[in-house]
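The next block holds one structure in the form of C-alpha cells; read it before the comments.
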Amino acid sequence: MSFQLDINTLLYLFILGNLFSGLLITFYRYHFAKDTASVLFITAKWLQVVFWGSILLWDYIPHWIAVPLSNALILAGGGLEISALLMMMGMMDRKAKLYYSGLVAGSVLSFCIIALFFNHANLRVATTSLWVMLFVIYPGYRLTAGKERSPLQKIMGSVFYTIAAVMLLRSFVALILEPEMGPLTANPAQYLYYLGMFLMLVGGIAAFILLSNEHSYEKLKRIATYDSLTGILGRRAFLIEAELKLAMAARKREYCSMLLLDLDHFKIVNDTYGHDKGDVVLQDFALTIESRLGIGDLFGRVGGEEFAIMLYGQDAENSSRKAEELRQAVKEASGDSLAGGYTVSIGMITVLPDQQTALNTLYKLSDRALYQAKQDGRDRVVRAG
C-alpha cells in the first residue's frame, strides 16, 4: 500500500469523522435553545466536512478555484470552532474579536499575494500552517493562563498548544526541508499534521459536549443560588452562606449581626401600581442596599418583600449605625422608582458567636424585632433585646 493511498485513506476517515461529529452535535443540540455558541460550532463542523471533501476533488476542479476554496474552508471552520469554544467559556471578549479579525484579514491578504505572485504548493502549505498555528495558539494561552482555570480547560489548552507546534513544524518542513511538498505529500510532518487534525476533531467534540454540560450546570447552579428578579442570593443560598459565615465568626471571635428587612405596605404598592411596578421597586431596593454593604457582608431575598443581611465583624454600635444608614438610604432613593417613595422596617441582633450559636435562633430573634418595628409604626430599626 503506497503512502499516497494512506493519505487518501486518512482523508476519507476525516470526512467520515467530521460528518459523524457534525450529525452528533446537530442532533445533540436539537432540543436545546439555539444559542450562538452552539450554532457556530455546528456550522464549523459542517464547514470542516466540506473542506475534507473538497481535497478529494482537487483533480477535477481547477486549482485556482480549489486551493483558495479549501484554505478558506479550513480557516473558517477552525476559526468558528475556536470562537464557539471561547464563547462557551465567556472568553470571546473584545480582545479576542480584534485578534481574530486581524487574523482573518491577514490570512486573506497573504493567500491573495501567494496566489498571484508565488503560487507554489510548498508556500501554500507553509502559509496555511502558520495561519492555523496563530488561530489555535491564542485559545491555548487563554485556557492555560491563570490559576482559576479548570482541569478541563487546561487539558484543552495543552491540545491547542500541541496542534500549534505541529503546524509550526509542518510549515518549517515545507519551507526548508522539502520545497516540493504539497498538501498530499507523504512525510513524517504530514502524518503529524493529520494527528493534530485528529486531536482537534476528537478534542473539539469532547470539549463541546463537556463544556455544554458544564455551562448547563453553572446555569442551574446560578438559578439555585441567586434570586432571578433581584440578582442577589436566594433564601436557601443565603442561609447556607450565613451558616458558614457564622461558623467563621465563631472561630475568629468576630461579631456578627443578623438583619431582617421588610418593605412597608408593599401589598398596597402591588395593588395600586401593579406587579410590574412592584418588581421594579424590589430591584431598586436591592440595588440600594447592595451598593452600601461591605465585601464580607451577605445579602439575600428570603421572602416576597423580605430580605436578610448578615454583617460580619461589626459590633452592636457599628451595626446599628449601618442599619440606620440603610434605612435612610432606602427612604431617600425610593422616590426614583415610586412616586411618593416607600420605607423599610428592620429587625436585628448582634452577637459574638461561639460554636453553640445557632443561625436559626438569630433569625427568629431578628424576626421578632422586625415584628416589633412594624407594631411601633414602621420605617424604623429595632434591635432584639
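Ligands are numbered from 1 in the order shown, chains are lettered A, B, ... in the order of the C-alpha cells, and residues start at 1 in each chain.
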Contacts of Val202 (chain A) within 12 Å, only C-alpha atoms, excl. fewer than 4 positions in-chain, as a list in words: Phe14, Gly17, Asn18, Phe20, Ser21, Gly22, Lys45, Met156, Val159, Leu195, Gly196, Met197, Phe198, Ala206, Ala207, Phe208 and Ile209 of chain A
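Non-sequential neighbours of region 320-326 of chain A (distance at most 9 Å, separation of 4 or more positions within a chain, only C-alpha atoms) are A:Leu259, A:Thr288, A:Ile289, A:Arg292, A:Leu293, A:Leu311, A:Asp315, A:Ala316, A:Val330, A:Lys331, A:Ile346, A:Met348, A:Thr350, A:Arg380, A:Val381, A:Arg383.
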Å distance separating CA of Ile42 (chain A) from CA of Met92 (chain A), one decimal place: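 Between these atoms lies a distance of 17.3 Å.
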Write out as a tab-separated table the residues of region 34-83 of chain A that have any atom within 8 Å of an atom of region 134-142 of chain A, one row each with the nearest atom pair and its distance in Å to one decimal, counting only C-alpha atoms, sorted by chain and then rising number.
residue	atom	partner	partner_atom	distance
A:Gly78	CA	A:Phe135	CA	7.8
A:Gly79	CA	A:Phe135	CA	6.7
A:Ile82	CA	A:Pro139	CA	7.2
Using only C-alpha atoms, which protein or nucleic acid residues come within 8 Å of Tyr255 (chain A)? Drop anything in the same chain fewer than 4 positions from it, and give the result as a list in words.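 Near Tyr255 (chain A), the qualifying residues are Ala249, Tyr312, Gly313, Gln314, Asp315, Thr350, Val351, Leu352 and Pro353 of chain A.
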Given the selection you just returned, output its residues as a file containing all heavy atoms, formatted as a PDB file, in the first residue's frame.
ATOM      1  N   ALA A 249     -17.044  33.324  62.074  1.00  0.00           N
ATOM      2  CA  ALA A 249     -17.017  34.348  63.110  1.00  0.00           C
ATOM      3  C   ALA A 249     -16.770  33.730  64.486  1.00  0.00           C
ATOM      4  O   ALA A 249     -16.062  34.305  65.335  1.00  0.00           O
ATOM      5  CB  ALA A 249     -18.328  35.129  63.109  1.00  0.00           C
ATOM      6  N   TYR A 312     -20.685  41.229  58.930  1.00  0.00           N
ATOM      7  CA  TYR A 312     -19.577  40.485  59.540  1.00  0.00           C
ATOM      8  C   TYR A 312     -18.554  41.453  60.132  1.00  0.00           C
ATOM      9  O   TYR A 312     -18.150  42.428  59.487  1.00  0.00           O
ATOM     10  CB  TYR A 312     -18.900  39.601  58.497  1.00  0.00           C
ATOM     11  CG  TYR A 312     -17.765  38.768  59.037  1.00  0.00           C
ATOM     12  CD1 TYR A 312     -18.019  37.596  59.722  1.00  0.00           C
ATOM     13  CD2 TYR A 312     -16.441  39.171  58.870  1.00  0.00           C
ATOM     14  CE1 TYR A 312     -16.985  36.829  60.224  1.00  0.00           C
ATOM     15  CE2 TYR A 312     -15.400  38.411  59.367  1.00  0.00           C
ATOM     16  CZ  TYR A 312     -15.671  37.242  60.049  1.00  0.00           C
ATOM     17  OH  TYR A 312     -14.646  36.492  60.564  1.00  0.00           O
ATOM     18  N   GLY A 313     -18.178  41.186  61.393  1.00  0.00           N
ATOM     19  CA  GLY A 313     -17.102  41.946  62.020  1.00  0.00           C
ATOM     20  C   GLY A 313     -17.505  43.297  62.560  1.00  0.00           C
ATOM     21  O   GLY A 313     -16.625  44.141  62.816  1.00  0.00           O
ATOM     22  N   GLN A 314     -18.788  43.552  62.758  1.00  0.00           N
ATOM     23  CA  GLN A 314     -19.236  44.838  63.289  1.00  0.00           C
ATOM     24  C   GLN A 314     -19.966  44.621  64.618  1.00  0.00           C
ATOM     25  O   GLN A 314     -20.867  43.799  64.699  1.00  0.00           O
ATOM     26  CB  GLN A 314     -20.177  45.541  62.296  1.00  0.00           C
ATOM     27  CG  GLN A 314     -19.510  45.881  60.970  1.00  0.00           C
ATOM     28  CD  GLN A 314     -20.375  46.802  60.117  1.00  0.00           C
ATOM     29  OE1 GLN A 314     -21.048  47.700  60.633  1.00  0.00           O
ATOM     30  NE2 GLN A 314     -20.360  46.586  58.812  1.00  0.00           N
ATOM     31  N   ASP A 315     -19.568  45.372  65.614  1.00  0.00           N
ATOM     32  CA  ASP A 315     -20.192  45.228  66.927  1.00  0.00           C
ATOM     33  C   ASP A 315     -21.566  45.892  66.924  1.00  0.00           C
ATOM     34  O   ASP A 315     -22.034  46.399  65.889  1.00  0.00           O
ATOM     35  CB  ASP A 315     -19.287  45.809  68.016  1.00  0.00           C
ATOM     36  CG  ASP A 315     -18.975  47.295  67.813  1.00  0.00           C
ATOM     37  OD1 ASP A 315     -19.702  47.967  67.052  1.00  0.00           O
ATOM     38  OD2 ASP A 315     -17.994  47.773  68.415  1.00  0.00           O
ATOM     39  N   THR A 350     -27.165  41.454  67.282  1.00  0.00           N
ATOM     40  CA  THR A 350     -25.710  41.339  67.152  1.00  0.00           C
ATOM     41  C   THR A 350     -25.193  40.406  68.236  1.00  0.00           C
ATOM     42  O   THR A 350     -25.597  40.508  69.395  1.00  0.00           O
ATOM     43  CB  THR A 350     -25.032  42.714  67.287  1.00  0.00           C
ATOM     44  OG1 THR A 350     -25.529  43.585  66.266  1.00  0.00           O
ATOM     45  CG2 THR A 350     -23.511  42.590  67.150  1.00  0.00           C
ATOM     46  N   VAL A 351     -24.316  39.478  67.855  1.00  0.00           N
ATOM     47  CA  VAL A 351     -23.757  38.532  68.822  1.00  0.00           C
ATOM     48  C   VAL A 351     -22.262  38.366  68.575  1.00  0.00           C
ATOM     49  O   VAL A 351     -21.756  38.636  67.484  1.00  0.00           O
ATOM     50  CB  VAL A 351     -24.433  37.142  68.711  1.00  0.00           C
ATOM     51  CG1 VAL A 351     -25.893  37.215  69.096  1.00  0.00           C
ATOM     52  CG2 VAL A 351     -24.275  36.567  67.311  1.00  0.00           C
ATOM     53  N   LEU A 352     -21.571  37.932  69.619  1.00  0.00           N
ATOM     54  CA  LEU A 352     -20.203  37.441  69.497  1.00  0.00           C
ATOM     55  C   LEU A 352     -20.326  35.925  69.598  1.00  0.00           C
ATOM     56  O   LEU A 352     -20.347  35.366  70.684  1.00  0.00           O
ATOM     57  CB  LEU A 352     -19.318  37.992  70.606  1.00  0.00           C
ATOM     58  CG  LEU A 352     -17.816  37.679  70.493  1.00  0.00           C
ATOM     59  CD1 LEU A 352     -17.225  38.270  69.226  1.00  0.00           C
ATOM     60  CD2 LEU A 352     -17.073  38.197  71.729  1.00  0.00           C
ATOM     61  N   PRO A 353     -20.458  35.236  68.465  1.00  0.00           N
ATOM     62  CA  PRO A 353     -20.895  33.831  68.486  1.00  0.00           C
ATOM     63  C   PRO A 353     -19.827  32.876  69.015  1.00  0.00           C
ATOM     64  O   PRO A 353     -18.631  33.145  68.962  1.00  0.00           O
ATOM     65  CB  PRO A 353     -21.193  33.552  67.016  1.00  0.00           C
ATOM     66  CG  PRO A 353     -20.280  34.468  66.273  1.00  0.00           C
ATOM     67  CD  PRO A 353     -20.172  35.712  67.106  1.00  0.00           C
TER      68      PRO A 353
END
So how many Å separate CA of Ala126 (chain A) and CA of Pro188 (chain A), to one decimal?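 CA of Pro188 (chain A) lies 15.1 Å from CA of Ala126 (chain A).
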May I ask which of the residues A:Ile55, A:Val166, A:Ile155, A:Ile114 is the closest one to Leu69 (chain A), counting only C-alpha atoms?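 Closest to Leu69 (chain A) of all the choices is A:Ile55.
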Residues of region 132-282 of chain A in strand (DSSP E) according to DSSP, as a PyMOL selection string? chain A and resi 256-263
Take the residues from that selection and write them out as a PDB file, in the first residue's frame, keeping N, CA and C atoms.
ATOM      1  N   CYS A 256     -21.061  39.229  64.704  1.00  0.00           N
ATOM      2  CA  CYS A 256     -21.967  39.007  63.569  1.00  0.00           C
ATOM      3  C   CYS A 256     -23.314  39.649  63.889  1.00  0.00           C
ATOM      4  N   SER A 257     -23.909  40.259  62.885  1.00  0.00           N
ATOM      5  CA  SER A 257     -25.236  40.854  63.058  1.00  0.00           C
ATOM      6  C   SER A 257     -26.175  40.321  61.997  1.00  0.00           C
ATOM      7  N   MET A 258     -27.341  39.875  62.436  1.00  0.00           N
ATOM      8  CA  MET A 258     -28.385  39.415  61.518  1.00  0.00           C
ATOM      9  C   MET A 258     -29.456  40.495  61.428  1.00  0.00           C
ATOM     10  N   LEU A 259     -29.774  40.931  60.184  1.00  0.00           N
ATOM     11  CA  LEU A 259     -30.801  41.934  59.953  1.00  0.00           C
ATOM     12  C   LEU A 259     -31.873  41.351  59.050  1.00  0.00           C
ATOM     13  N   LEU A 260     -33.128  41.531  59.428  1.00  0.00           N
ATOM     14  CA  LEU A 260     -34.247  41.206  58.548  1.00  0.00           C
ATOM     15  C   LEU A 260     -34.930  42.506  58.138  1.00  0.00           C
ATOM     16  N   LEU A 261     -35.130  42.671  56.840  1.00  0.00           N
ATOM     17  CA  LEU A 261     -35.705  43.900  56.300  1.00  0.00           C
ATOM     18  C   LEU A 261     -37.001  43.568  55.569  1.00  0.00           C
ATOM     19  N   ASP A 262     -38.024  44.401  55.786  1.00  0.00           N
ATOM     20  CA  ASP A 262     -39.316  44.182  55.140  1.00  0.00           C
ATOM     21  C   ASP A 262     -39.838  45.512  54.620  1.00  0.00           C
ATOM     22  N   LEU A 263     -40.174  45.536  53.317  1.00  0.00           N
ATOM     23  CA  LEU A 263     -40.707  46.767  52.740  1.00  0.00           C
ATOM     24  C   LEU A 263     -42.089  47.054  53.316  1.00  0.00           C
TER      25      LEU A 263
END
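Proximity to Arg235 (chain A) at 9 Å, evaluated using only C-alpha atoms and with sequence-adjacent residues fewer than 5 positions away removed, yields A:Thr225, A:Tyr226, A:Asp227, A:Ile240, A:Gly300, A:Arg301, A:Val302, A:Gly303, A:Phe307, A:Ala308.
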Suppose you want the space between CA of Gln48 (chain A) and CA of Leu85 (chain A); what is it in Å?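 Interatomic distance here is 15.7 Å.
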Can you tell me which residues surround region 167-171 of chain A at a distance of at most 12 Å, considering only C-alpha atoms, apart from same-chain residues fewer than 3 positions away, and format the answer as number ranges by chain? A: 121-137, 160-164, 174-179, 181-183, 185-197
Output as a ChimeraX atom specification all residues of region 64-261 of chain A that backbone DSSP marks as helix (DSSP H, G or I). /A:64-88,94-117,121-144,151-177,188-225,235-252
Spatial neighbours of Asp336 (chain A), max dist 12 Å, only C-alpha atoms, sep filter under 4 positions, as a PyMOL selection string: chain A and resi 277+280-281+283-285+288+329-332+340-342
Resulting file, chosen residues, all heavy atoms, as an mmCIF file, in the first residue's frame:
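Heads up, here's the output in part_27.cif:
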data_model
loop_
_atom_site.group_PDB
_atom_site.id
_atom_site.type_symbol
_atom_site.label_atom_id
_atom_site.label_comp_id
_atom_site.auth_asym_id
_atom_site.auth_seq_id
_atom_site.Cartn_x
_atom_site.Cartn_y
_atom_site.Cartn_z
ATOM 1 N N LYS A 277 -44.670 47.105 38.495
ATOM 2 C CA LYS A 277 -44.080 48.211 39.258
ATOM 3 C C LYS A 277 -43.505 47.699 40.570
ATOM 4 O O LYS A 277 -42.448 48.165 41.030
ATOM 5 C CB LYS A 277 -45.150 49.279 39.533
ATOM 6 C CG LYS A 277 -44.582 50.576 40.089
ATOM 7 C CD LYS A 277 -43.650 51.234 39.085
ATOM 8 C CE LYS A 277 -43.148 52.576 39.593
ATOM 9 N NZ LYS A 277 -42.243 53.225 38.625
ATOM 10 N N VAL A 280 -40.093 46.389 39.943
ATOM 11 C CA VAL A 280 -39.116 47.478 39.808
ATOM 12 C C VAL A 280 -38.696 47.993 41.180
ATOM 13 O O VAL A 280 -37.521 48.258 41.433
ATOM 14 C CB VAL A 280 -39.701 48.627 38.948
ATOM 15 C CG1 VAL A 280 -38.762 49.840 38.963
ATOM 16 C CG2 VAL A 280 -39.943 48.164 37.526
ATOM 17 N N VAL A 281 -39.674 48.124 42.085
ATOM 18 C CA VAL A 281 -39.372 48.574 43.447
ATOM 19 C C VAL A 281 -38.411 47.610 44.140
ATOM 20 O O VAL A 281 -37.441 48.015 44.774
ATOM 21 C CB VAL A 281 -40.681 48.725 44.259
ATOM 22 C CG1 VAL A 281 -40.376 48.911 45.750
ATOM 23 C CG2 VAL A 281 -41.492 49.912 43.742
ATOM 24 N N GLN A 283 -36.291 45.524 42.743
ATOM 25 C CA GLN A 283 -34.980 45.592 42.111
ATOM 26 C C GLN A 283 -34.202 46.823 42.574
ATOM 27 O O GLN A 283 -33.009 46.734 42.898
ATOM 28 C CB GLN A 283 -35.135 45.607 40.585
ATOM 29 C CG GLN A 283 -35.610 44.275 40.013
ATOM 30 C CD GLN A 283 -35.985 44.376 38.550
ATOM 31 O OE1 GLN A 283 -36.390 45.428 38.055
ATOM 32 N NE2 GLN A 283 -35.852 43.260 37.833
ATOM 33 N N ASP A 284 -34.875 47.965 42.599
ATOM 34 C CA ASP A 284 -34.203 49.198 43.033
ATOM 35 C C ASP A 284 -33.818 49.136 44.501
ATOM 36 O O ASP A 284 -32.751 49.611 44.904
ATOM 37 C CB ASP A 284 -35.105 50.412 42.776
ATOM 38 C CG ASP A 284 -35.243 50.717 41.288
ATOM 39 O OD1 ASP A 284 -34.464 50.142 40.503
ATOM 40 O OD2 ASP A 284 -36.118 51.516 40.918
ATOM 41 N N PHE A 285 -34.684 48.536 45.306
ATOM 42 C CA PHE A 285 -34.387 48.372 46.728
ATOM 43 C C PHE A 285 -33.128 47.521 46.911
ATOM 44 O O PHE A 285 -32.230 47.857 47.680
ATOM 45 C CB PHE A 285 -35.576 47.724 47.433
ATOM 46 C CG PHE A 285 -35.284 47.263 48.831
ATOM 47 C CD1 PHE A 285 -35.268 48.164 49.884
ATOM 48 C CD2 PHE A 285 -35.002 45.920 49.096
ATOM 49 C CE1 PHE A 285 -34.986 47.743 51.181
ATOM 50 C CE2 PHE A 285 -34.721 45.499 50.378
ATOM 51 C CZ PHE A 285 -34.706 46.405 51.427
ATOM 52 N N THR A 288 -30.028 49.449 45.995
ATOM 53 C CA THR A 288 -29.712 50.463 47.008
ATOM 54 C C THR A 288 -28.993 49.840 48.198
ATOM 55 O O THR A 288 -27.985 50.359 48.677
ATOM 56 C CB THR A 288 -31.000 51.153 47.484
ATOM 57 O OG1 THR A 288 -31.637 51.790 46.370
ATOM 58 C CG2 THR A 288 -30.699 52.200 48.547
ATOM 59 N N ALA A 329 -31.081 55.397 53.529
ATOM 60 C CA ALA A 329 -30.746 55.346 52.103
ATOM 61 C C ALA A 329 -31.938 54.876 51.276
ATOM 62 O O ALA A 329 -32.198 55.399 50.190
ATOM 63 C CB ALA A 329 -29.554 54.423 51.881
ATOM 64 N N VAL A 330 -32.668 53.886 51.790
ATOM 65 C CA VAL A 330 -33.858 53.397 51.091
ATOM 66 C C VAL A 330 -34.903 54.497 50.990
ATOM 67 O O VAL A 330 -35.520 54.706 49.929
ATOM 68 C CB VAL A 330 -34.437 52.163 51.814
ATOM 69 C CG1 VAL A 330 -35.814 51.803 51.265
ATOM 70 C CG2 VAL A 330 -33.490 50.974 51.681
ATOM 71 N N LYS A 331 -35.097 55.203 52.058
ATOM 72 C CA LYS A 331 -36.108 56.269 52.081
ATOM 73 C C LYS A 331 -35.766 57.367 51.075
ATOM 74 O O LYS A 331 -36.640 57.878 50.373
ATOM 75 C CB LYS A 331 -36.196 56.846 53.490
ATOM 76 C CG LYS A 331 -37.389 57.761 53.720
ATOM 77 C CD LYS A 331 -37.514 58.106 55.194
ATOM 78 C CE LYS A 331 -38.777 58.899 55.473
ATOM 79 N NZ LYS A 331 -38.945 59.177 56.926
ATOM 80 N N GLU A 332 -34.474 57.700 50.991
ATOM 81 C CA GLU A 332 -34.056 58.772 50.093
ATOM 82 C C GLU A 332 -34.086 58.341 48.631
ATOM 83 O O GLU A 332 -34.403 59.142 47.749
ATOM 84 C CB GLU A 332 -32.641 59.227 50.467
ATOM 85 C CG GLU A 332 -32.575 59.933 51.820
ATOM 86 C CD GLU A 332 -31.154 60.229 52.253
ATOM 87 O OE1 GLU A 332 -30.209 59.827 51.507
ATOM 88 O OE2 GLU A 332 -30.960 60.842 53.318
ATOM 89 N N GLY A 340 -43.887 59.165 45.568
ATOM 90 C CA GLY A 340 -44.202 59.186 46.986
ATOM 91 C C GLY A 340 -43.247 58.343 47.811
ATOM 92 O O GLY A 340 -43.213 58.448 49.034
ATOM 93 N N GLY A 341 -42.474 57.486 47.130
ATOM 94 C CA GLY A 341 -41.459 56.699 47.820
ATOM 95 C C GLY A 341 -42.026 55.562 48.645
ATOM 96 O O GLY A 341 -43.226 55.280 48.633
ATOM 97 N N TYR A 342 -41.148 54.885 49.361
ATOM 98 C CA TYR A 342 -41.519 53.799 50.258
ATOM 99 C C TYR A 342 -40.470 53.713 51.354
ATOM 100 O O TYR A 342 -39.415 54.349 51.284
ATOM 101 C CB TYR A 342 -41.636 52.471 49.514
ATOM 102 C CG TYR A 342 -40.386 52.077 48.770
ATOM 103 C CD1 TYR A 342 -39.370 51.359 49.396
ATOM 104 C CD2 TYR A 342 -40.215 52.433 47.436
ATOM 105 C CE1 TYR A 342 -38.229 51.007 48.713
ATOM 106 C CE2 TYR A 342 -39.075 52.081 46.751
ATOM 107 C CZ TYR A 342 -38.074 51.369 47.388
ATOM 108 O OH TYR A 342 -36.938 51.034 46.715
#
Pick from A:Leu57, A:Ala373, A:Leu359, A:Val50: nearest to Gly347 (chain A), with only C-alpha atoms counted?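 Distance minimum relative to Gly347 (chain A) lands on A:Ala373.
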For a quick check of understanding, using only C-alpha atoms, which of A:Ala286, A:Ala115, A:Ile349, A:Ala369 has the smallest distance to Ala66 (chain A)? A:Ala115
